[in-house]
Amino acid sequence: MAAPIGRISIQIRNIYSKRGMMDLSPTTQLEMQRRMLRIRRFDERASRMVKRGQIPGTVHTSIGQEAQVVGACMALGDGDYMSGNHRSHGHPIGKGSPLGPLMAELVGKATGVCQGKGGSLHLADFAVGSLGESGIVGSSIPIATGAALSSKVLGNGKVSLAFFGDGAANQGCLYEAMNLAGVWKLPVVFLCENNQYALSTPAHTVTSGVIAERAAGFGMPGVRVEDGQDVLAVHEAVVEAVERARRGEGPSLVEVVTYRFNEHSEGLRLGTDYRDASEKAAWVERDPIVLFRQRLEREGVASAEELDALEAEVMAEVDEAVRFTDESPYPDPSVAFKDLYTEPIGAIA
């Protein structure tokens, strides 16, 4: 059994891809780095915009967790489904969403992916299969499971991926969804982003045992990726689960051990008592973007100059997303109640 997650040290067992980097094209590997950089720079900019009062409310960033987002999302096909959670700007980016409409949505502009009505906590981009996210813990899990049911009924071969945090690992809706998926052999992958804290509650103080091992109770395989800062390890685990689902063999549970570098949400001040400074410093040393860049250089996939150019391109994309947002209008008040229901409803005009 894997060691329980605690506050004192990081118990990481490196699980590298069985296929290895050579089985992923240089283009794919660079795209992984590109998408991780997009998430990081997008969230960094969003964090600054919240603090300047440019984004209403707050945002929850995925800074530090980019490898598990991208590794999982890039294991999917373009037509596959994905649902996120409250920390989900990165998930549509990992699935391929352009940055401009996402940033516009955070600010509440009419050009946002939800026309400015969703904001940070309720993003959805159907164009890339992103079915949405929610601030209600665990609530998107049944949505992803329902999408998997539709795939099976329609026989379209699509797979659904449900992201949830360690805090949602103890929600009843997860086990109802896993049970239904197991009974009906639905093509869904349940992915637990175990960043070890539910807001300020350490996972090991409220969660018994290893989350991945709970899969056995529902007749599905479970795997725990100890090093969620390794994009290839996450990718390998999710690829296997996706392939299994696409073959009609049913659901899987993947638990990924990762870490959020920032506070639970931007501007939230919880103090420093709930997590140790040395623990955070040790995880920051395992920055997934830095680690993968080093690996790309070491394996000869790209030179330092090429990777510097990639970073500059991503920064330009983020700058353009902000420009797009600034120049976009706010929604007209007349559309406030549009899109609440399917339109038209029956004979109602």
# chains A, B, ... in the order shown; residues from 1 in each chain; ligands from 1

$ residues_around --residues "Gly90 (chain A)" --least-positions-apart "6" --cutoff "9 Å" --atoms "only C-alpha atoms" --output "list of chain:residue names"
A:Arg35, A:Met36, A:Arg38, A:Ile39, A:Arg40, A:Phe42, A:Asp43, A:Thr61, A:Ser62, A:Ile63, A:Gln65, A:Glu66, A:Val69, A:Val70

$ residues_around --residues "region 105-113 of chain A" --least-positions-apart "4" --cutoff "8 Å" --atoms "only C-alpha atoms" --output "list of chain:residue names"
A:Gln54, A:Ile55, A:Pro56, A:Gly100, A:Pro101, A:Lys117, A:Gly118, A:Gly119, A:Ser120, A:Leu123, A:Ala124, A:Asp125, A:Thr325, A:Ser328, A:Pro329, A:Tyr330, A:Pro331

$ write_last_selection --atoms "N, CA and C atoms" --output "CSV table (one decimal), in the first residue's frame"
chain,number,residue,atom,x,y,z
A,54,GLN,N,-9.8,44.0,-11.5
A,54,GLN,CA,-10.2,43.9,-12.9
A,54,GLN,C,-11.1,42.7,-13.1
A,55,ILE,N,-11.1,41.8,-12.1
A,55,ILE,CA,-12.0,40.6,-12.2
A,55,ILE,C,-12.8,40.6,-11.0
A,56,PRO,N,-14.2,40.5,-11.1
A,56,PRO,CA,-15.0,40.4,-10.0
A,56,PRO,C,-14.9,39.1,-9.2
A,100,GLY,N,-8.4,33.9,-25.3
A,100,GLY,CA,-9.1,35.2,-25.3
A,100,GLY,C,-10.5,35.0,-24.7
A,101,PRO,N,-11.4,34.1,-25.3
A,101,PRO,CA,-12.7,33.9,-24.7
A,101,PRO,C,-12.7,33.5,-23.2
A,117,LYS,N,-21.6,35.2,-18.5
A,117,LYS,CA,-22.5,34.8,-17.4
A,117,LYS,C,-22.0,33.7,-16.5
A,118,GLY,N,-20.9,33.1,-16.8
A,118,GLY,CA,-20.3,32.1,-16.0
A,118,GLY,C,-19.3,32.5,-15.0
A,119,GLY,N,-18.3,33.3,-15.5
A,119,GLY,CA,-17.2,33.8,-14.7
A,119,GLY,C,-16.2,32.7,-14.4
A,120,SER,N,-15.4,32.9,-13.5
A,120,SER,CA,-14.3,32.0,-13.2
A,120,SER,C,-14.8,30.6,-12.7
A,123,LEU,N,-17.0,28.1,-16.0
A,123,LEU,CA,-16.5,28.1,-17.3
A,123,LEU,C,-17.0,26.8,-18.0
A,124,ALA,N,-17.3,26.9,-19.3
A,124,ALA,CA,-17.6,25.8,-20.2
A,124,ALA,C,-17.2,26.1,-21.6
A,125,ASP,N,-16.6,25.2,-22.3
A,125,ASP,CA,-16.3,25.4,-23.7
A,125,ASP,C,-16.7,24.2,-24.5
A,325,THR,N,-9.9,41.0,-24.3
A,325,THR,CA,-10.9,41.2,-23.2
A,325,THR,C,-11.2,42.6,-22.9
A,328,SER,N,-13.5,44.1,-25.5
A,328,SER,CA,-14.8,43.4,-25.6
A,328,SER,C,-15.8,44.1,-24.7
A,329,PRO,N,-17.1,44.1,-25.2
A,329,PRO,CA,-18.2,44.8,-24.4
A,329,PRO,C,-18.7,43.9,-23.3
A,330,TYR,N,-19.3,44.5,-22.3
A,330,TYR,CA,-20.1,43.8,-21.3
A,330,TYR,C,-21.4,43.3,-21.9
A,331,PRO,N,-22.0,42.3,-21.4
A,331,PRO,CA,-23.3,41.9,-22.0
A,331,PRO,C,-24.4,43.0,-21.8

$ residues_around --residues "region 157-165 of chain A" --least-positions-apart "3" --cutoff "7 Å" --atoms "only C-alpha atoms" --output "JSON, numbers by chain"
{"A": [79, 80, 81, 82, 83, 84, 85, 138, 141, 144, 147, 148, 151, 168, 169, 187, 188, 189, 190, 191, 192, 193, 194, 242, 245, 246]}

$ select_by_dssp --residues "region 120-293 of chain A" --states "helix (DSSP H, G or I)" --output "count of residues only"
80

$ closest_residue --among "A:Gly167, A:Pro221, A:Gly267, A:Pro251" --to "Val183 (chain A)" --atoms "only C-alpha atoms"
A:Pro251

$ closest_residue --among "A:His60, A:Arg45, A:Met103, A:Asn179" --to "Gly135 (chain A)" --atoms "only C-alpha atoms"
A:His60

$ closest_residue --among "A:Val225, A:Leu296, A:Pro202, A:Leu307" --to "Asp276 (chain A)" --atoms "only C-alpha atoms"
A:Pro202

$ closest_residue --among "A:Val210, A:Ala302, A:Ala46, A:Val231" --to "Met32 (chain A)" --atoms "only C-alpha atoms"
A:Val231

$ residues_around --residues "Arg275 (chain A)" --least-positions-apart "6" --cutoff "12 Å" --atoms "only C-alpha atoms" --output "list in words"
Gly6, Arg7, Ile8, Ser9, Asn195, Gln196, Tyr197, Ala198, Leu199, Ser200, Thr201, Pro202, Ala203, Tyr259, Arg260, Phe261, Asn262, Glu263, His264, Ala281 and Trp283 of chain A

$ write_last_selection --atoms "C-alpha atoms" --output "PDB file, in the first residue's frame"
ATOM      1  CA  GLY A   6       1.378  13.809   5.222  1.00  0.00           C
ATOM      2  CA  ARG A   7       2.646  17.308   5.842  1.00  0.00           C
ATOM      3  CA  ILE A   8       6.212  16.490   6.771  1.00  0.00           C
ATOM      4  CA  SER A   9       7.728  15.185   3.570  1.00  0.00           C
ATOM      5  CA  ASN A 195      -3.216  18.442  -4.141  1.00  0.00           C
ATOM      6  CA  GLN A 196      -3.350  17.343  -0.497  1.00  0.00           C
ATOM      7  CA  TYR A 197      -5.514  20.158   0.841  1.00  0.00           C
ATOM      8  CA  ALA A 198      -9.252  20.769   0.676  1.00  0.00           C
ATOM      9  CA  LEU A 199      -9.044  24.530   1.113  1.00  0.00           C
ATOM     10  CA  SER A 200      -7.035  24.419   4.382  1.00  0.00           C
ATOM     11  CA  THR A 201      -7.845  20.873   5.496  1.00  0.00           C
ATOM     12  CA  PRO A 202      -4.975  18.380   5.020  1.00  0.00           C
ATOM     13  CA  ALA A 203      -6.246  15.349   3.138  1.00  0.00           C
ATOM     14  CA  TYR A 259       0.398  20.417  -5.172  1.00  0.00           C
ATOM     15  CA  ARG A 260      -0.985  23.923  -5.584  1.00  0.00           C
ATOM     16  CA  PHE A 261       1.633  26.612  -5.137  1.00  0.00           C
ATOM     17  CA  ASN A 262      -0.743  29.522  -4.491  1.00  0.00           C
ATOM     18  CA  GLU A 263      -3.391  29.964  -1.839  1.00  0.00           C
ATOM     19  CA  HIS A 264      -6.732  28.185  -2.212  1.00  0.00           C
ATOM     20  CA  ALA A 281       9.412  25.012  -0.844  1.00  0.00           C
ATOM     21  CA  TRP A 283       7.209  21.130  -3.958  1.00  0.00           C
TER      22      TRP A 283
END

$ select_by_dssp --residues "region 162-330 of chain A" --states "strand (DSSP E)" --output "MDAnalysis selection string"
chainID A and resid 162:165 188:194 197:198 201:202 222:225 252:257

$ write_last_selection --atoms "N, CA and C atoms" --output "PDB file, in the first residue's frame"
ATOM      1  N   ALA A 162     -13.634  13.002 -15.791  1.00  0.00           N
ATOM      2  CA  ALA A 162     -14.162  13.803 -14.687  1.00  0.00           C
ATOM      3  C   ALA A 162     -13.045  14.155 -13.716  1.00  0.00           C
ATOM      4  N   PHE A 163     -12.699  15.440 -13.647  1.00  0.00           N
ATOM      5  CA  PHE A 163     -11.712  15.907 -12.681  1.00  0.00           C
ATOM      6  C   PHE A 163     -12.410  16.237 -11.356  1.00  0.00           C
ATOM      7  N   PHE A 164     -11.774  15.871 -10.253  1.00  0.00           N
ATOM      8  CA  PHE A 164     -12.272  16.285  -8.937  1.00  0.00           C
ATOM      9  C   PHE A 164     -11.102  16.318  -7.973  1.00  0.00           C
ATOM     10  N   GLY A 165     -11.237  17.094  -6.916  1.00  0.00           N
ATOM     11  CA  GLY A 165     -10.156  17.226  -5.952  1.00  0.00           C
ATOM     12  C   GLY A 165     -10.248  16.228  -4.824  1.00  0.00           C
ATOM     13  N   VAL A 188     -15.874   6.262 -18.912  1.00  0.00           N
ATOM     14  CA  VAL A 188     -15.540   7.450 -18.127  1.00  0.00           C
ATOM     15  C   VAL A 188     -14.287   7.181 -17.290  1.00  0.00           C
ATOM     16  N   VAL A 189     -13.465   8.201 -17.146  1.00  0.00           N
ATOM     17  CA  VAL A 189     -12.284   8.141 -16.293  1.00  0.00           C
ATOM     18  C   VAL A 189     -12.478   9.146 -15.162  1.00  0.00           C
ATOM     19  N   PHE A 190     -12.432   8.673 -13.936  1.00  0.00           N
ATOM     20  CA  PHE A 190     -12.525   9.532 -12.767  1.00  0.00           C
ATOM     21  C   PHE A 190     -11.109   9.898 -12.339  1.00  0.00           C
ATOM     22  N   LEU A 191     -10.786  11.185 -12.324  1.00  0.00           N
ATOM     23  CA  LEU A 191      -9.427  11.612 -12.005  1.00  0.00           C
ATOM     24  C   LEU A 191      -9.422  12.512 -10.776  1.00  0.00           C
ATOM     25  N   CYS A 192      -8.797  12.022  -9.719  1.00  0.00           N
ATOM     26  CA  CYS A 192      -8.675  12.787  -8.479  1.00  0.00           C
ATOM     27  C   CYS A 192      -7.386  13.597  -8.488  1.00  0.00           C
ATOM     28  N   GLU A 193      -7.520  14.913  -8.483  1.00  0.00           N
ATOM     29  CA  GLU A 193      -6.378  15.812  -8.367  1.00  0.00           C
ATOM     30  C   GLU A 193      -6.069  15.975  -6.882  1.00  0.00           C
ATOM     31  N   ASN A 194      -5.233  15.119  -6.364  1.00  0.00           N
ATOM     32  CA  ASN A 194      -4.943  15.151  -4.932  1.00  0.00           C
ATOM     33  C   ASN A 194      -3.817  16.153  -4.668  1.00  0.00           C
ATOM     34  N   TYR A 197      -4.788  19.242  -0.034  1.00  0.00           N
ATOM     35  CA  TYR A 197      -5.514  20.158   0.841  1.00  0.00           C
ATOM     36  C   TYR A 197      -6.875  20.484   0.247  1.00  0.00           C
ATOM     37  N   ALA A 198      -7.925  20.297   1.040  1.00  0.00           N
ATOM     38  CA  ALA A 198      -9.252  20.769   0.676  1.00  0.00           C
ATOM     39  C   ALA A 198      -9.413  22.120   1.351  1.00  0.00           C
ATOM     40  N   THR A 201      -7.781  22.138   4.768  1.00  0.00           N
ATOM     41  CA  THR A 201      -7.845  20.873   5.496  1.00  0.00           C
ATOM     42  C   THR A 201      -6.914  19.847   4.866  1.00  0.00           C
ATOM     43  N   PRO A 202      -5.882  19.401   5.577  1.00  0.00           N
ATOM     44  CA  PRO A 202      -4.975  18.380   5.020  1.00  0.00           C
ATOM     45  C   PRO A 202      -5.734  17.086   4.732  1.00  0.00           C
ATOM     46  N   GLY A 222      -7.858   0.951 -10.330  1.00  0.00           N
ATOM     47  CA  GLY A 222      -7.450   2.229  -9.761  1.00  0.00           C
ATOM     48  C   GLY A 222      -5.940   2.327  -9.783  1.00  0.00           C
ATOM     49  N   VAL A 223      -5.411   3.484 -10.126  1.00  0.00           N
ATOM     50  CA  VAL A 223      -3.968   3.684 -10.162  1.00  0.00           C
ATOM     51  C   VAL A 223      -3.642   5.006  -9.489  1.00  0.00           C
ATOM     52  N   ARG A 224      -2.551   5.031  -8.767  1.00  0.00           N
ATOM     53  CA  ARG A 224      -2.105   6.243  -8.075  1.00  0.00           C
ATOM     54  C   ARG A 224      -0.796   6.705  -8.705  1.00  0.00           C
ATOM     55  N   VAL A 225      -0.800   7.869  -9.319  1.00  0.00           N
ATOM     56  CA  VAL A 225       0.412   8.454  -9.888  1.00  0.00           C
ATOM     57  C   VAL A 225       1.066   9.281  -8.789  1.00  0.00           C
ATOM     58  N   SER A 252     -12.412   3.776 -14.999  1.00  0.00           N
ATOM     59  CA  SER A 252     -11.199   3.644 -14.184  1.00  0.00           C
ATOM     60  C   SER A 252     -11.128   4.835 -13.229  1.00  0.00           C
ATOM     61  N   LEU A 253     -10.374   4.662 -12.170  1.00  0.00           N
ATOM     62  CA  LEU A 253     -10.098   5.748 -11.229  1.00  0.00           C
ATOM     63  C   LEU A 253      -8.599   6.009 -11.226  1.00  0.00           C
ATOM     64  N   VAL A 254      -8.211   7.253 -11.468  1.00  0.00           N
ATOM     65  CA  VAL A 254      -6.805   7.651 -11.436  1.00  0.00           C
ATOM     66  C   VAL A 254      -6.644   8.734 -10.372  1.00  0.00           C
ATOM     67  N   GLU A 255      -5.765   8.488  -9.425  1.00  0.00           N
ATOM     68  CA  GLU A 255      -5.434   9.487  -8.406  1.00  0.00           C
ATOM     69  C   GLU A 255      -4.050  10.045  -8.712  1.00  0.00           C
ATOM     70  N   VAL A 256      -3.944  11.357  -8.775  1.00  0.00           N
ATOM     71  CA  VAL A 256      -2.673  12.008  -9.089  1.00  0.00           C
ATOM     72  C   VAL A 256      -2.250  12.882  -7.910  1.00  0.00           C
ATOM     73  N   VAL A 257      -1.077  12.630  -7.377  1.00  0.00           N
ATOM     74  CA  VAL A 257      -0.563  13.410  -6.253  1.00  0.00           C
ATOM     75  C   VAL A 257       0.159  14.638  -6.796  1.00  0.00           C
TER      76      VAL A 257
END

$ closest_residue --among "A:Gly132, A:Gln68, A:Thr258, A:Arg293" --to "Lys280 (chain A)" --atoms "only C-alpha atoms"
A:Thr258

$ decode --residues "region 18-55 of chain A" --atoms "N, CA and C atoms" --output "short mmCIF file (atom, residue, chain, number, x, y, z; two decimals), in the first residue's frame"
data_model
loop_
_atom_site.label_atom_id
_atom_site.label_comp_id
_atom_site.auth_asym_id
_atom_site.auth_seq_id
_atom_site.Cartn_x
_atom_site.Cartn_y
_atom_site.Cartn_z
N LYS A 18 5.83 4.21 -19.68
CA LYS A 18 6.35 2.96 -20.24
C LYS A 18 6.73 3.16 -21.70
N ARG A 19 5.94 3.98 -22.39
CA ARG A 19 6.22 4.23 -23.79
C ARG A 19 7.45 5.13 -23.95
N GLY A 20 7.65 6.01 -22.97
CA GLY A 20 8.81 6.90 -23.01
C GLY A 20 8.58 8.07 -23.94
N MET A 21 9.48 9.05 -23.85
CA MET A 21 9.35 10.24 -24.66
C MET A 21 9.49 9.96 -26.14
N MET A 22 10.26 8.95 -26.49
CA MET A 22 10.51 8.68 -27.90
C MET A 22 9.24 8.21 -28.62
N ASP A 23 8.22 7.76 -27.86
CA ASP A 23 6.97 7.33 -28.48
C ASP A 23 6.00 8.49 -28.66
N LEU A 24 6.34 9.65 -28.13
CA LEU A 24 5.57 10.86 -28.37
C LEU A 24 6.38 11.73 -29.31
N SER A 25 5.76 12.23 -30.34
CA SER A 25 6.48 13.04 -31.31
C SER A 25 7.00 14.31 -30.66
N PRO A 26 8.09 14.88 -31.19
CA PRO A 26 8.57 16.17 -30.67
C PRO A 26 7.48 17.23 -30.67
N THR A 27 6.62 17.20 -31.69
CA THR A 27 5.52 18.17 -31.76
C THR A 27 4.58 18.01 -30.57
N THR A 28 4.25 16.76 -30.22
CA THR A 28 3.37 16.51 -29.09
C THR A 28 4.01 16.92 -27.78
N GLN A 29 5.28 16.61 -27.62
CA GLN A 29 5.98 16.98 -26.39
C GLN A 29 6.04 18.49 -26.22
N LEU A 30 6.32 19.20 -27.30
CA LEU A 30 6.36 20.66 -27.22
C LEU A 30 4.98 21.23 -26.97
N GLU A 31 3.95 20.57 -27.50
CA GLU A 31 2.59 21.03 -27.24
C GLU A 31 2.23 20.86 -25.77
N MET A 32 2.73 19.80 -25.15
CA MET A 32 2.54 19.63 -23.70
C MET A 32 3.13 20.81 -22.94
N GLN A 33 4.37 21.18 -23.29
CA GLN A 33 5.02 22.30 -22.64
C GLN A 33 4.26 23.60 -22.91
N ARG A 34 3.81 23.76 -24.15
CA ARG A 34 3.06 24.97 -24.51
C ARG A 34 1.80 25.11 -23.66
N ARG A 35 1.06 24.02 -23.54
CA ARG A 35 -0.20 24.09 -22.78
C ARG A 35 0.05 24.30 -21.29
N MET A 36 1.10 23.70 -20.75
CA MET A 36 1.42 23.96 -19.35
C MET A 36 1.78 25.43 -19.15
N LEU A 37 2.55 25.98 -20.07
CA LEU A 37 2.91 27.40 -19.99
C LEU A 37 1.68 28.28 -20.14
N ARG A 38 0.77 27.92 -21.03
CA ARG A 38 -0.45 28.71 -21.19
C ARG A 38 -1.23 28.77 -19.88
N ILE A 39 -1.37 27.63 -19.22
CA ILE A 39 -2.09 27.60 -17.95
C ILE A 39 -1.39 28.47 -16.92
N ARG A 40 -0.07 28.32 -16.81
CA ARG A 40 0.68 29.06 -15.80
C ARG A 40 0.58 30.57 -16.04
N ARG A 41 0.87 31.02 -17.25
CA ARG A 41 0.87 32.46 -17.53
C ARG A 41 -0.53 33.04 -17.48
N PHE A 42 -1.53 32.27 -17.93
CA PHE A 42 -2.92 32.72 -17.84
C PHE A 42 -3.31 32.94 -16.38
N ASP A 43 -3.01 31.96 -15.54
CA ASP A 43 -3.38 32.06 -14.13
C ASP A 43 -2.59 33.16 -13.41
N GLU A 44 -1.34 33.31 -13.75
CA GLU A 44 -0.56 34.40 -13.15
C GLU A 44 -1.17 35.75 -13.48
N ARG A 45 -1.58 35.92 -14.75
CA ARG A 45 -2.19 37.19 -15.15
C ARG A 45 -3.55 37.38 -14.47
N ALA A 46 -4.32 36.31 -14.39
CA ALA A 46 -5.62 36.40 -13.73
C ALA A 46 -5.46 36.77 -12.26
N SER A 47 -4.44 36.21 -11.61
CA SER A 47 -4.17 36.53 -10.21
C SER A 47 -3.90 38.02 -10.03
N ARG A 48 -3.10 38.58 -10.92
CA ARG A 48 -2.80 40.02 -10.83
C ARG A 48 -4.05 40.85 -11.10
N MET A 49 -4.86 40.42 -12.06
CA MET A 49 -6.06 41.17 -12.41
C MET A 49 -7.08 41.18 -11.27
N VAL A 50 -7.20 40.08 -10.53
CA VAL A 50 -8.08 40.04 -9.37
C VAL A 50 -7.63 41.06 -8.33
N LYS A 51 -6.33 41.07 -8.07
CA LYS A 51 -5.81 41.97 -7.04
C LYS A 51 -5.93 43.44 -7.44
N ARG A 52 -6.02 43.70 -8.74
CA ARG A 52 -6.19 45.08 -9.22
C ARG A 52 -7.67 45.45 -9.38
N GLY A 53 -8.56 44.52 -9.05
CA GLY A 53 -9.98 44.80 -9.16
C GLY A 53 -10.53 44.67 -10.56
N GLN A 54 -9.79 44.04 -11.46
CA GLN A 54 -10.23 43.92 -12.85
C GLN A 54 -11.12 42.71 -13.08
N ILE A 55 -11.10 41.75 -12.14
CA ILE A 55 -11.95 40.57 -12.22
C ILE A 55 -12.84 40.56 -10.98
#
